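input_31.json follows; it contains JSON, C-alpha atoms.
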[["chain", "number", "residue", "atom", "x", "y", "z"],
["A", 1, "MET", "CA", 91.22, 82.64, 80.93],
["A", 2, "ARG", "CA", 90.38, 82.52, 77.24],
["A", 3, "LEU", "CA", 87.80, 79.75, 77.57],
["A", 4, "ALA", "CA", 85.75, 79.94, 80.75],
["A", 5, "PRO", "CA", 84.72, 76.70, 82.45],
["A", 6, "PRO", "CA", 81.07, 75.71, 82.05],
["A", 7, "PRO", "CA", 78.69, 76.30, 84.98],
["A", 8, "GLY", "CA", 79.73, 73.95, 87.76],
["A", 9, "GLY", "CA", 83.08, 73.21, 86.14],
["A", 10, "THR", "CA", 86.53, 74.32, 87.19],
["A", 11, "THR", "CA", 88.52, 74.05, 83.95],
["A", 12, "ALA", "CA", 87.85, 74.69, 80.27],
["A", 13, "PHE", "CA", 88.17, 70.95, 79.73],
["A", 14, "ASP", "CA", 84.95, 70.48, 81.69],
["A", 15, "HIS", "CA", 83.16, 71.38, 78.47],
["A", 16, "ARG", "CA", 83.97, 67.77, 77.53],
["A", 17, "PRO", "CA", 83.46, 65.99, 80.86],
["A", 18, "ASP", "CA", 83.64, 62.52, 79.29],
["A", 19, "LEU", "CA", 87.04, 63.10, 77.69],
["A", 20, "TRP", "CA", 88.31, 65.05, 80.69],
["A", 21, "ALA", "CA", 87.39, 62.13, 82.94],
["A", 22, "ALA", "CA", 89.19, 59.74, 80.58],
["A", 23, "PHE", "CA", 92.27, 61.96, 80.67],
["A", 24, "ASN", "CA", 92.19, 62.10, 84.46],
["A", 25, "ARG", "CA", 91.98, 58.31, 84.67],
["A", 26, "LEU", "CA", 95.10, 58.12, 82.50],
["A", 27, "TYR", "CA", 97.03, 60.81, 84.35],
["A", 28, "GLY", "CA", 95.94, 59.44, 87.73],
["A", 29, "THR", "CA", 97.18, 55.99, 86.75],
["A", 30, "LEU", "CA", 100.55, 57.38, 85.72],
["A", 31, "TRP", "CA", 100.93, 59.28, 88.98],
["A", 32, "SER", "CA", 99.39, 57.02, 91.58],
["A", 33, "GLU", "CA", 99.55, 53.47, 90.23],
["A", 34, "GLY", "CA", 102.98, 53.56, 88.66],
["A", 35, "VAL", "CA", 106.41, 52.10, 89.34],
["A", 36, "VAL", "CA", 108.38, 55.36, 89.49],
["A", 37, "ASP", "CA", 108.36, 57.13, 92.85],
["A", 38, "GLN", "CA", 106.52, 60.43, 92.99],
["A", 39, "PRO", "CA", 109.46, 62.75, 93.78],
["A", 40, "LYS", "CA", 111.21, 61.78, 90.52],
["A", 41, "LYS", "CA", 108.09, 62.44, 88.48],
["A", 42, "GLU", "CA", 107.42, 65.67, 90.37],
["A", 43, "VAL", "CA", 110.97, 66.92, 89.77],
["A", 44, "ALA", "CA", 110.45, 66.27, 86.05],
["A", 45, "ARG", "CA", 107.01, 67.91, 86.06],
["A", 46, "LEU", "CA", 108.34, 71.01, 87.82],
["A", 47, "ARG", "CA", 111.30, 71.22, 85.46],
["A", 48, "ASN", "CA", 108.88, 71.23, 82.55],
["A", 49, "ALA", "CA", 106.74, 73.85, 84.27],
["A", 50, "ARG", "CA", 109.75, 76.16, 84.47],
["A", 51, "VAL", "CA", 110.98, 75.56, 80.94],
["A", 52, "THR", "CA", 107.55, 75.63, 79.30],
["A", 53, "GLY", "CA", 106.58, 78.62, 81.40],
["A", 54, "CYS", "CA", 103.22, 77.52, 82.72],
["A", 55, "GLY", "CA", 102.16, 79.81, 85.55],
["A", 56, "ILE", "CA", 99.80, 77.21, 86.97],
["A", 57, "CYS", "CA", 101.99, 74.10, 86.80],
["A", 58, "ARG", "CA", 105.01, 75.97, 88.19],
["A", 59, "ASN", "CA", 103.21, 76.70, 91.44],
["A", 60, "LEU", "CA", 101.37, 73.46, 92.00],
["A", 61, "ARG", "CA", 102.96, 70.92, 94.33],
["A", 62, "PHE", "CA", 101.67, 67.36, 94.28],
["A", 63, "GLY", "CA", 101.12, 66.12, 97.82],
["A", 64, "GLY", "CA", 102.64, 62.67, 97.35],
["A", 65, "ALA", "CA", 106.03, 64.04, 96.36],
["A", 66, "ARG", "CA", 105.91, 66.60, 99.14],
["A", 67, "ALA", "CA", 105.15, 63.87, 101.68],
["A", 68, "ALA", "CA", 108.05, 61.84, 100.28],
["A", 69, "GLY", "CA", 110.49, 64.66, 100.96],
["A", 70, "LEU", "CA", 110.52, 66.97, 97.95],
["A", 71, "ASP", "CA", 110.54, 70.25, 99.83],
["A", 72, "GLU", "CA", 110.78, 73.85, 98.59],
["A", 73, "ALA", "CA", 114.56, 73.95, 99.08],
["A", 74, "ALA", "CA", 114.89, 71.07, 96.62],
["A", 75, "VAL", "CA", 112.34, 72.58, 94.25],
["A", 76, "ALA", "CA", 114.36, 75.80, 94.15],
["A", 77, "ARG", "CA", 117.34, 73.80, 92.87],
["A", 78, "ILE", "CA", 115.49, 72.66, 89.74],
["A", 79, "ASP", "CA", 116.97, 75.62, 87.92],
["A", 80, "ASP", "CA", 119.71, 76.21, 85.34],
["A", 81, "ASP", "CA", 122.38, 75.13, 87.82],
["A", 82, "TYR", "CA", 120.69, 71.88, 88.81],
["A", 83, "ALA", "CA", 123.61, 69.77, 87.52],
["A", 84, "SER", "CA", 126.00, 71.16, 90.11],
["A", 85, "SER", "CA", 123.43, 71.15, 92.92],
["A", 86, "PRO", "CA", 123.22, 68.59, 95.74],
["A", 87, "LEU", "CA", 120.04, 67.10, 94.23],
["A", 88, "PRO", "CA", 120.20, 63.27, 94.00],
["A", 89, "ASP", "CA", 121.72, 61.96, 90.77],
["A", 90, "ARG", "CA", 118.51, 60.19, 89.74],
["A", 91, "TRP", "CA", 116.58, 63.45, 90.01],
["A", 92, "LYS", "CA", 119.24, 65.19, 87.94],
["A", 93, "LEU", "CA", 118.88, 62.49, 85.32],
["A", 94, "ALA", "CA", 115.10, 62.99, 85.30],
["A", 95, "ILE", "CA", 115.66, 66.73, 84.76],
["A", 96, "ARG", "CA", 118.14, 66.12, 81.94],
["A", 97, "TYR", "CA", 115.69, 63.75, 80.29],
["A", 98, "THR", "CA", 112.85, 66.25, 80.68],
["A", 99, "ASP", "CA", 114.89, 68.94, 78.96],
["A", 100, "ALA", "CA", 115.55, 66.62, 76.03],
["A", 101, "LEU", "CA", 111.88, 65.69, 75.74],
["A", 102, "ILE", "CA", 110.84, 69.33, 75.76],
["A", 103, "LEU", "CA", 113.40, 70.65, 73.32],
["A", 104, "ASP", "CA", 113.50, 67.77, 70.84],
["A", 105, "PRO", "CA", 112.66, 64.15, 71.65],
["A", 106, "HIS", "CA", 114.77, 63.13, 68.63],
["A", 107, "ALA", "CA", 117.75, 64.46, 70.58],
["A", 108, "VAL", "CA", 117.64, 61.75, 73.26],
["A", 109, "ASP", "CA", 121.13, 60.63, 72.38],
["A", 110, "ALA", "CA", 123.05, 57.42, 73.06],
["A", 111, "ASP", "CA", 124.74, 58.82, 76.15],
["A", 112, "LEU", "CA", 121.43, 59.81, 77.71],
["A", 113, "LYS", "CA", 119.86, 56.45, 76.81],
["A", 114, "ARG", "CA", 122.79, 54.62, 78.46],
["A", 115, "ALA", "CA", 122.42, 56.73, 81.59],
["A", 116, "LEU", "CA", 118.67, 56.06, 81.74],
["A", 117, "LEU", "CA", 119.13, 52.30, 81.26],
["A", 118, "ALA", "CA", 121.74, 52.25, 84.01],
["A", 119, "GLU", "CA", 119.38, 53.92, 86.49],
["A", 120, "PHE", "CA", 115.89, 52.80, 85.53],
["A", 121, "THR", "CA", 114.12, 49.64, 84.40],
["A", 122, "PRO", "CA", 112.40, 49.72, 80.99],
["A", 123, "ALA", "CA", 109.02, 49.94, 82.71],
["A", 124, "GLU", "CA", 110.22, 52.94, 84.73],
["A", 125, "ILE", "CA", 111.56, 54.66, 81.62],
["A", 126, "VAL", "CA", 108.28, 54.15, 79.76],
["A", 127, "GLU", "CA", 106.23, 55.49, 82.65],
["A", 128, "LEU", "CA", 108.55, 58.42, 83.25],
["A", 129, "THR", "CA", 108.52, 59.30, 79.56],
["A", 130, "LEU", "CA", 104.75, 59.27, 79.16],
["A", 131, "THR", "CA", 104.27, 61.16, 82.43],
["A", 132, "ILE", "CA", 106.68, 63.84, 81.28],
["A", 133, "THR", "CA", 105.31, 64.15, 77.74],
["A", 134, "THR", "CA", 101.78, 64.38, 79.12],
["A", 135, "ALA", "CA", 102.85, 67.07, 81.58],
["A", 136, "ILE", "CA", 104.53, 68.96, 78.75],
["A", 137, "ALA", "CA", 101.43, 68.85, 76.56],
["A", 138, "PHE", "CA", 98.93, 69.79, 79.23],
["A", 139, "SER", "CA", 101.09, 72.63, 80.53],
["A", 140, "LYS", "CA", 101.05, 73.93, 76.96],
["A", 141, "ALA", "CA", 97.27, 73.62, 77.00],
["A", 142, "ALA", "CA", 97.16, 75.75, 80.13],
["A", 143, "VAL", "CA", 99.33, 78.34, 78.39],
["A", 144, "VAL", "CA", 97.08, 78.35, 75.31],
["A", 145, "PHE", "CA", 94.01, 78.77, 77.49],
["A", 146, "GLY", "CA", 95.64, 81.80, 79.09],
["A", 147, "ALA", "CA", 97.18, 80.61, 82.35],
["A", 148, "PRO", "CA", 97.83, 83.39, 84.86],
["A", 149, "PRO", "CA", 101.50, 84.46, 84.86],
["A", 150, "LYS", "CA", 101.65, 84.25, 88.65],
["A", 151, "MET", "CA", 99.81, 82.42, 91.38],
["A", 152, "PRO", "CA", 100.77, 81.36, 94.89],
["A", 153, "VAL", "CA", 102.38, 78.00, 95.56],
["A", 154, "VAL", "CA", 99.57, 75.55, 96.30],
["A", 155, "GLU", "CA", 99.81, 71.94, 97.43],
["A", 156, "VAL", "CA", 97.20, 69.70, 95.80],
["A", 157, "PRO", "CA", 96.51, 65.98, 96.02],
["A", 158, "THR", "CA", 98.56, 63.86, 93.64],
["A", 159, "PRO", "CA", 96.41, 62.95, 90.62],
["A", 160, "SER", "CA", 94.68, 59.66, 91.19],
["A", 161, "VAL", "CA", 92.33, 57.52, 89.15],
["A", 162, "GLY", "CA", 89.30, 58.78, 91.03],
["A", 163, "GLY", "CA", 90.50, 62.36, 91.24],
["A", 164, "ALA", "CA", 90.95, 65.19, 88.80],
["A", 165, "VAL", "CA", 93.68, 67.59, 87.83],
["A", 166, "ARG", "CA", 92.57, 71.14, 88.67],
["B", 1, "MET", "CA", 109.76, 50.99, 64.45],
["B", 2, "ALA", "CA", 111.76, 49.27, 67.19],
["B", 3, "SER", "CA", 112.57, 50.83, 70.53],
["B", 4, "TRP", "CA", 115.94, 51.24, 72.20],
["B", 5, "LEU", "CA", 114.47, 49.67, 75.33],
["B", 6, "PRO", "CA", 115.23, 45.97, 75.74],
["B", 7, "THR", "CA", 111.64, 44.86, 76.22],
["B", 8, "ALA", "CA", 109.99, 41.86, 74.63],
["B", 9, "GLY", "CA", 107.02, 42.75, 72.49],
["B", 10, "GLY", "CA", 107.99, 46.39, 72.23],
["B", 11, "ASP", "CA", 108.47, 46.61, 68.48],
["B", 12, "THR", "CA", 106.43, 49.82, 68.33],
["B", 13, "PRO", "CA", 106.01, 52.51, 71.00],
["B", 14, "GLU", "CA", 102.35, 51.53, 71.36],
["B", 15, "ARG", "CA", 103.18, 47.84, 71.87],
["B", 16, "LEU", "CA", 105.98, 48.79, 74.22],
["B", 17, "LEU", "CA", 103.51, 50.70, 76.37],
["B", 18, "ALA", "CA", 101.04, 47.81, 76.29],
["B", 19, "ALA", "CA", 103.81, 45.36, 77.24],
["B", 20, "VAL", "CA", 105.15, 47.20, 80.28],
["B", 21, "ALA", "CA", 102.17, 49.28, 81.40],
["B", 22, "PRO", "CA", 98.96, 47.59, 80.21],
["B", 23, "THR", "CA", 96.65, 49.62, 82.44],
["B", 24, "VAL", "CA", 98.16, 52.88, 81.22],
["B", 25, "ALA", "CA", 97.87, 51.67, 77.63],
["B", 26, "ALA", "CA", 94.21, 50.76, 78.13],
["B", 27, "ARG", "CA", 93.40, 54.15, 79.67],
["B", 28, "LEU", "CA", 95.24, 55.98, 76.92],
["B", 29, "GLY", "CA", 93.30, 53.88, 74.42],
["B", 30, "ALA", "CA", 90.02, 54.83, 76.09],
["B", 31, "LEU", "CA", 90.94, 58.51, 75.81],
["B", 32, "THR", "CA", 91.96, 58.35, 72.17],
["B", 33, "ASP", "CA", 88.88, 56.26, 71.31],
["B", 34, "GLY", "CA", 86.86, 59.20, 72.55],
["B", 35, "PHE", "CA", 88.35, 61.41, 69.84],
["B", 36, "ARG", "CA", 87.00, 59.02, 67.20],
["B", 37, "GLN", "CA", 83.39, 59.34, 68.31],
["B", 38, "PRO", "CA", 81.30, 61.90, 66.40],
["B", 39, "ASP", "CA", 80.53, 64.76, 68.75],
["B", 40, "ALA", "CA", 81.16, 68.48, 68.78],
["B", 41, "LEU", "CA", 84.00, 68.11, 66.30],
["B", 42, "GLU", "CA", 84.19, 65.61, 63.47],
["B", 43, "PRO", "CA", 86.74, 62.84, 64.12],
["B", 44, "ALA", "CA", 88.16, 63.33, 60.63],
["B", 45, "VAL", "CA", 89.13, 66.90, 61.55],
["B", 46, "LEU", "CA", 90.91, 65.65, 64.65],
["B", 47, "GLU", "CA", 92.67, 63.01, 62.54],
["B", 48, "LEU", "CA", 93.97, 65.77, 60.26],
["B", 49, "CYS", "CA", 95.32, 67.53, 63.35],
["B", 50, "ARG", "CA", 96.93, 64.30, 64.59],
["B", 51, "ARG", "CA", 98.66, 63.76, 61.26],
["B", 52, "ARG", "CA", 99.87, 67.35, 61.13],
["B", 53, "ILE", "CA", 101.26, 67.07, 64.66],
["B", 54, "THR", "CA", 103.18, 63.89, 63.79],
["B", 55, "MET", "CA", 104.59, 65.69, 60.72],
["B", 56, "LEU", "CA", 105.77, 68.59, 62.90],
["B", 57, "HIS", "CA", 107.47, 66.09, 65.18],
["B", 58, "ARG", "CA", 109.08, 64.41, 62.13],
["B", 59, "TYR", "CA", 107.49, 61.09, 63.02],
["B", 60, "ASP", "CA", 105.53, 58.67, 60.86],
["B", 61, "PRO", "CA", 103.29, 56.49, 63.00],
["B", 62, "GLY", "CA", 101.22, 55.18, 60.11],
["B", 63, "PRO", "CA", 97.44, 55.33, 59.97],
["B", 64, "ALA", "CA", 95.34, 55.22, 63.10],
["B", 65, "PRO", "CA", 92.04, 53.44, 63.53],
["B", 66, "GLY", "CA", 89.00, 55.56, 62.78],
["B", 67, "PRO", "CA", 87.89, 57.80, 59.95],
["B", 68, "GLU", "CA", 90.45, 58.42, 57.23],
["B", 69, "PRO", "CA", 90.63, 61.93, 55.82],
["B", 70, "PRO", "CA", 90.52, 62.04, 51.99],
["B", 71, "ALA", "CA", 93.83, 61.04, 50.41],
["B", 72, "ALA", "CA", 94.10, 64.36, 48.59],
["B", 73, "GLN", "CA", 93.84, 66.23, 51.88],
["B", 74, "CYS", "CA", 96.51, 64.05, 53.46],
["B", 75, "ALA", "CA", 98.82, 64.70, 50.53],
["B", 76, "ALA", "CA", 98.28, 68.47, 50.82],
["B", 77, "LEU", "CA", 98.46, 68.64, 54.59],
["B", 78, "SER", "CA", 101.71, 70.60, 54.83],
["B", 79, "ALA", "CA", 100.14, 73.22, 52.54],
["B", 80, "TRP", "CA", 96.92, 73.57, 54.53],
["B", 81, "PRO", "CA", 97.09, 77.39, 54.91],
["B", 82, "THR", "CA", 96.74, 77.93, 51.16],
["B", 83, "SER", "CA", 95.36, 74.68, 49.78],
["B", 84, "PRO", "CA", 91.74, 74.89, 48.56],
["B", 85, "LEU", "CA", 91.18, 71.36, 49.83],
["B", 86, "PHE", "CA", 90.64, 72.54, 53.41],
["B", 87, "THR", "CA", 87.56, 74.20, 54.84],
["B", 88, "THR", "CA", 87.67, 77.26, 57.06],
["B", 89, "LEU", "CA", 86.93, 75.07, 60.07],
["B", 90, "GLU", "CA", 89.72, 72.65, 59.20],
["B", 91, "ARG", "CA", 92.14, 75.53, 58.76],
["B", 92, "ALA", "CA", 91.16, 76.96, 62.12],
["B", 93, "CYS", "CA", 91.78, 73.61, 63.81],
["B", 94, "LEU", "CA", 95.08, 72.99, 62.02],
["B", 95, "GLY", "CA", 96.23, 76.49, 62.86],
["B", 96, "PHE", "CA", 95.47, 75.84, 66.52],
["B", 97, "ALA", "CA", 97.37, 72.53, 66.40],
["B", 98, "GLU", "CA", 100.44, 74.16, 64.87],
["B", 99, "GLN", "CA", 100.39, 77.05, 67.33],
["B", 100, "PHE", "CA", 100.08, 74.56, 70.17],
["B", 101, "VAL", "CA", 103.00, 72.41, 69.08],
["B", 102, "LEU", "CA", 105.37, 75.13, 67.94],
["B", 103, "ASP", "CA", 104.67, 78.14, 70.12],
["B", 104, "PRO", "CA", 101.88, 77.99, 72.70],
["B", 105, "HIS", "CA", 102.94, 81.32, 74.18],
["B", 106, "GLY", "CA", 102.28, 82.85, 70.77],
["B", 107, "MET", "CA", 98.55, 82.28, 71.15],
["B", 108, "THR", "CA", 96.88, 85.68, 71.46],
["B", 109, "ASP", "CA", 93.51, 86.73, 72.79],
["B", 110, "ALA", "CA", 92.56, 87.81, 69.28],
["B", 111, "ALA", "CA", 93.57, 84.49, 67.72],
["B", 112, "PHE", "CA", 91.69, 82.54, 70.37],
["B", 113, "ALA", "CA", 88.62, 84.72, 69.88],
["B", 114, "GLU", "CA", 88.84, 84.09, 66.14],
["B", 115, "LEU", "CA", 88.88, 80.35, 66.82],
["B", 116, "GLY", "CA", 85.74, 80.84, 68.87],
["B", 117, "ARG", "CA", 83.94, 82.08, 65.75],
["B", 118, "TYR", "CA", 84.10, 78.57, 64.32],
["B", 119, "LEU", "CA", 84.06, 76.38, 67.40],
["B", 120, "GLU", "CA", 81.66, 76.52, 70.31],
["B", 121, "PRO", "CA", 83.13, 75.75, 73.78],
["B", 122, "ARG", "CA", 82.48, 72.00, 73.66],
["B", 123, "ALA", "CA", 84.26, 71.74, 70.31],
["B", 124, "LEU", "CA", 87.12, 73.94, 71.52],
["B", 125, "ALA", "CA", 87.63, 71.78, 74.59],
["B", 126, "THR", "CA", 87.55, 68.68, 72.38],
["B", 127, "LEU", "CA", 90.14, 70.16, 70.06],
["B", 128, "ALA", "CA", 92.45, 71.20, 72.91],
["B", 129, "LEU", "CA", 92.22, 67.83, 74.64],
["B", 130, "ALA", "CA", 92.88, 66.00, 71.38],
["B", 131, "VAL", "CA", 95.78, 68.20, 70.32],
["B", 132, "ALA", "CA", 97.41, 67.97, 73.75],
["B", 133, "THR", "CA", 97.03, 64.18, 73.75],
["B", 134, "PHE", "CA", 98.42, 63.86, 70.23],
["B", 135, "ASP", "CA", 101.38, 66.08, 71.14],
["B", 136, "ALA", "CA", 102.08, 63.99, 74.26],
["B", 137, "THR", "CA", 101.78, 60.62, 72.55],
["B", 138, "THR", "CA", 103.82, 61.65, 69.51],
["B", 139, "ARG", "CA", 106.58, 63.04, 71.71],
["B", 140, "PHE", "CA", 106.49, 59.79, 73.68],
["B", 141, "ALA", "CA", 106.67, 57.70, 70.50],
["B", 142, "VAL", "CA", 109.60, 59.67, 69.14],
["B", 143, "ALA", "CA", 111.52, 59.30, 72.40],
["B", 144, "MET", "CA", 110.85, 55.57, 72.62],
["B", 145, "ALA", "CA", 111.67, 54.78, 69.00],
["B", 146, "ALA", "CA", 115.11, 53.57, 68.09],
["B", 147, "GLY", "CA", 117.34, 56.31, 66.89]]

What does this structure look like when you write it as structure tokens?
Amino acid sequence: MRLAPPPGGTTAFDHRPDLWAAFNRLYGTLWSEGVVDQPKKEVARLRNARVTGCGICRNLRFGGARAAGLDEAAVARIDDDYASSPLPDRWKLAIRYTDALILDPHAVDADLKRALLAEFTPAEIVELTLTITTAIAFSKAAVVFGAPPKMPVVEVPTPSVGGAVR
Amino acid sequence: MASWLPTAGGDTPERLLAAVAPTVAARLGALTDGFRQPDALEPAVLELCRRRITMLHRYDPGPAPGPEPPAAQCAALSAWPTSPLFTTLERACLGFAEQFVLDPHGMTDAAFAELGRYLEPRALATLALAVATFDATTRFAVAMAAG
């Protein structure tokens, strides 16, 4: 890791505990107090982890989505062939949207917007979008800080307002 | 800039967020307010990074609350690597922001170590948190805006 955590900390962000706590309150709200169910957000987060290439994010599993049925067989289908997989259509749409947000958010075209509006409420779309863009950015932060290329799959608690992303 | 989402009060991405997810908007506001407090890194430097990130995303959100960088610096922002208007510290921070947005995998140990010559760990963590947040919120705003 290019920036070691401070004594007693677990991430480089612990050098700014006040801002890191503020971030975790935001991310915890998105994940645990939102209107979109956790498997949809987790599918999107894991898609970003694969595309962005974050060794940490790719192998973390948030407990809430796991408890709601997102198992490793489903996770394995979040690959290049996801569109022809038996994943639920709403998950496929979340993956398609994630890809657009990663590659170029200007490229969210009319067809994709129509599909999103047909499946999700405006509040769900807003929450899904900010959750995904935040996951994109902080997976990039992990890459910049020198995330390990490989680590074992680890289940962690879903981020919550009182918790922290580790 | 209006949004493509049919939501009352959502005439900007920020107002859209406040209209449909007020708690999220408040917590995002608390985080971004933290970047405007003088600490390990001057808020004006972070504001330069925010503006550069919005330029890279081809998005014009207008001014944000907080310290305004000098107008001449704002006008020369796309030329920061060679413009004499920027300090070594500002160049280091803008270089980090660009690397982050465009190619995070291109960050090298040597480049990160060079950054550490100008920024102690608290300032580096501040910069990374701010840049990541600006990248996330700009990407969100672009996606929510009408197109």

For this session: Please indicate the distance in Å from atom CA of Ala65 of chain A to atom CA of Ser85 of chain A, rounded to one decimal place.
Result: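 Pair atom CA of Ala65 of chain A / atom CA of Ser85 of chain A returns 19.1 Å.
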
What are the closest atom pairs, with distances in Å to one decimal, for all residues of chain A lying within 7 Å of chain B? Consider all atoms listed in the file, order rows by chain and residue number, and present the result as JSON lines.
{"residue": "A:Arg2", "atom": "CA", "partner": "B:Asp109", "partner_atom": "CA", "distance": 6.9}
{"residue": "A:Ala12", "atom": "CA", "partner": "B:Ala125", "partner_atom": "CA", "distance": 6.4}
{"residue": "A:Phe13", "atom": "CA", "partner": "B:Ala125", "partner_atom": "CA", "distance": 5.2}
{"residue": "A:His15", "atom": "CA", "partner": "B:Arg122", "partner_atom": "CA", "distance": 4.9}
{"residue": "A:Arg16", "atom": "CA", "partner": "B:Arg122", "partner_atom": "CA", "distance": 5.9}
{"residue": "A:Leu19", "atom": "CA", "partner": "B:Leu31", "partner_atom": "CA", "distance": 6.3}
{"residue": "A:Ala22", "atom": "CA", "partner": "B:Leu31", "partner_atom": "CA", "distance": 5.2}
{"residue": "A:Phe23", "atom": "CA", "partner": "B:Leu31", "partner_atom": "CA", "distance": 6.1}
{"residue": "A:Arg25", "atom": "CA", "partner": "B:Arg27", "partner_atom": "CA", "distance": 6.7}
{"residue": "A:Leu26", "atom": "CA", "partner": "B:Arg27", "partner_atom": "CA", "distance": 5.2}
{"residue": "A:Thr29", "atom": "CA", "partner": "B:Val24", "partner_atom": "CA", "distance": 6.4}
{"residue": "A:Leu30", "atom": "CA", "partner": "B:Val24", "partner_atom": "CA", "distance": 6.8}
{"residue": "A:Pro105", "atom": "CA", "partner": "B:Ala143", "partner_atom": "CA", "distance": 5.0}
{"residue": "A:His106", "atom": "CA", "partner": "B:Val142", "partner_atom": "CA", "distance": 6.2}
{"residue": "A:Val108", "atom": "CA", "partner": "B:Ala143", "partner_atom": "CA", "distance": 6.6}
{"residue": "A:Pro122", "atom": "CA", "partner": "B:Leu5", "partner_atom": "CA", "distance": 6.0}
{"residue": "A:Ala123", "atom": "CA", "partner": "B:Val20", "partner_atom": "CA", "distance": 5.3}
{"residue": "A:Val126", "atom": "CA", "partner": "B:Leu17", "partner_atom": "CA", "distance": 6.8}
{"residue": "A:Thr129", "atom": "CA", "partner": "B:Phe140", "partner_atom": "CA", "distance": 6.2}
{"residue": "A:Leu130", "atom": "CA", "partner": "B:Phe140", "partner_atom": "CA", "distance": 5.8}
{"residue": "A:Thr133", "atom": "CA", "partner": "B:Ala136", "partner_atom": "CA", "distance": 4.8}
{"residue": "A:Thr134", "atom": "CA", "partner": "B:Ala136", "partner_atom": "CA", "distance": 4.9}
{"residue": "A:Ala137", "atom": "CA", "partner": "B:Ala132", "partner_atom": "CA", "distance": 5.0}
{"residue": "A:Phe138", "atom": "CA", "partner": "B:Ala132", "partner_atom": "CA", "distance": 6.0}
{"residue": "A:Lys140", "atom": "CA", "partner": "B:Pro104", "partner_atom": "CA", "distance": 5.9}
{"residue": "A:Ala141", "atom": "CA", "partner": "B:Ala132", "partner_atom": "CA", "distance": 6.5}
{"residue": "A:Val143", "atom": "CA", "partner": "B:Pro104", "partner_atom": "CA", "distance": 6.2}
{"residue": "A:Val144", "atom": "CA", "partner": "B:Pro104", "partner_atom": "CA", "distance": 5.5}

For this session: Skip Arg52 of chain B itself and residues of its chain fewer than 5 positions away, then list as JSON, numbers by chain all residues within 8 Å of it, counting all atoms listed in the file.
Result: {"B": [77, 78, 94, 97, 98]}

Problem set entry | Coordinates-based distance that separates atom CA of Pro22 of chain B from atom CA of Ala2 of chain B (Å, one decimal) | 18.3 Å

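For the pair atom CA of Leu116 of chain A and atom CA of Pro157 of chain A, the separation is 28.2 Å.
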
For this session: Would you list the contacts of segment 32-45 of chain A as a list in words, taking every protein, DNA or RNA residue within 7 Å and counting only C-alpha atoms, but skipping same-chain residues closer than 4 positions in sequence?
Result: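 Everything that qualifies: Gly28, Ala49, Gly64, Ala65, Ala68, Leu70, Trp91, Ala94, Ile95, Thr98, Glu124, Leu128, Ile132, Ala135, Pro159 and Ser160 of chain A.
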
Exercise. Which of these, A:Pro6, A:Gly55, A:Pro86, A:Pro17, has the shortest distance to Val154 of chain A once you count all atoms listed in the file?
Worked result: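 Using all atoms listed in the file, the shortest distance to Val154 of chain A belongs to A:Gly55.
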
Can segment 105-116 of chain B be brought up to N, CA and C atoms and written out as a short mmCIF file (atom, residue, chain, number, x, y, z; two decimals), keeping the file's coordinate frame?
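Written output follows (part-v9.cif):
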data_model
loop_
_atom_site.label_atom_id
_atom_site.label_comp_id
_atom_site.auth_asym_id
_atom_site.auth_seq_id
_atom_site.Cartn_x
_atom_site.Cartn_y
_atom_site.Cartn_z
N HIS B 105 102.96 79.95 73.63
CA HIS B 105 102.94 81.32 74.18
C HIS B 105 102.58 82.35 73.10
N GLY B 106 102.64 81.94 71.84
CA GLY B 106 102.28 82.85 70.77
C GLY B 106 100.78 82.98 70.56
N MET B 107 100.00 82.15 71.25
CA MET B 107 98.55 82.28 71.15
C MET B 107 98.13 83.64 71.73
N THR B 108 97.33 84.37 70.99
CA THR B 108 96.88 85.68 71.46
C THR B 108 95.39 85.64 71.76
N ASP B 109 94.94 86.63 72.51
CA ASP B 109 93.51 86.73 72.79
C ASP B 109 92.73 86.84 71.49
N ALA B 110 93.27 87.61 70.55
CA ALA B 110 92.56 87.81 69.28
C ALA B 110 92.47 86.51 68.48
N ALA B 111 93.58 85.76 68.47
CA ALA B 111 93.57 84.49 67.72
C ALA B 111 92.62 83.50 68.36
N PHE B 112 92.60 83.48 69.69
CA PHE B 112 91.69 82.54 70.37
C PHE B 112 90.24 82.95 70.12
N ALA B 113 89.99 84.25 70.15
CA ALA B 113 88.62 84.72 69.88
C ALA B 113 88.19 84.37 68.46
N GLU B 114 89.13 84.46 67.52
CA GLU B 114 88.84 84.09 66.14
C GLU B 114 88.45 82.60 66.05
N LEU B 115 89.19 81.78 66.78
CA LEU B 115 88.88 80.35 66.82
C LEU B 115 87.45 80.13 67.33
N GLY B 116 87.07 80.95 68.30
CA GLY B 116 85.74 80.84 68.87
C GLY B 116 84.62 81.18 67.90
#
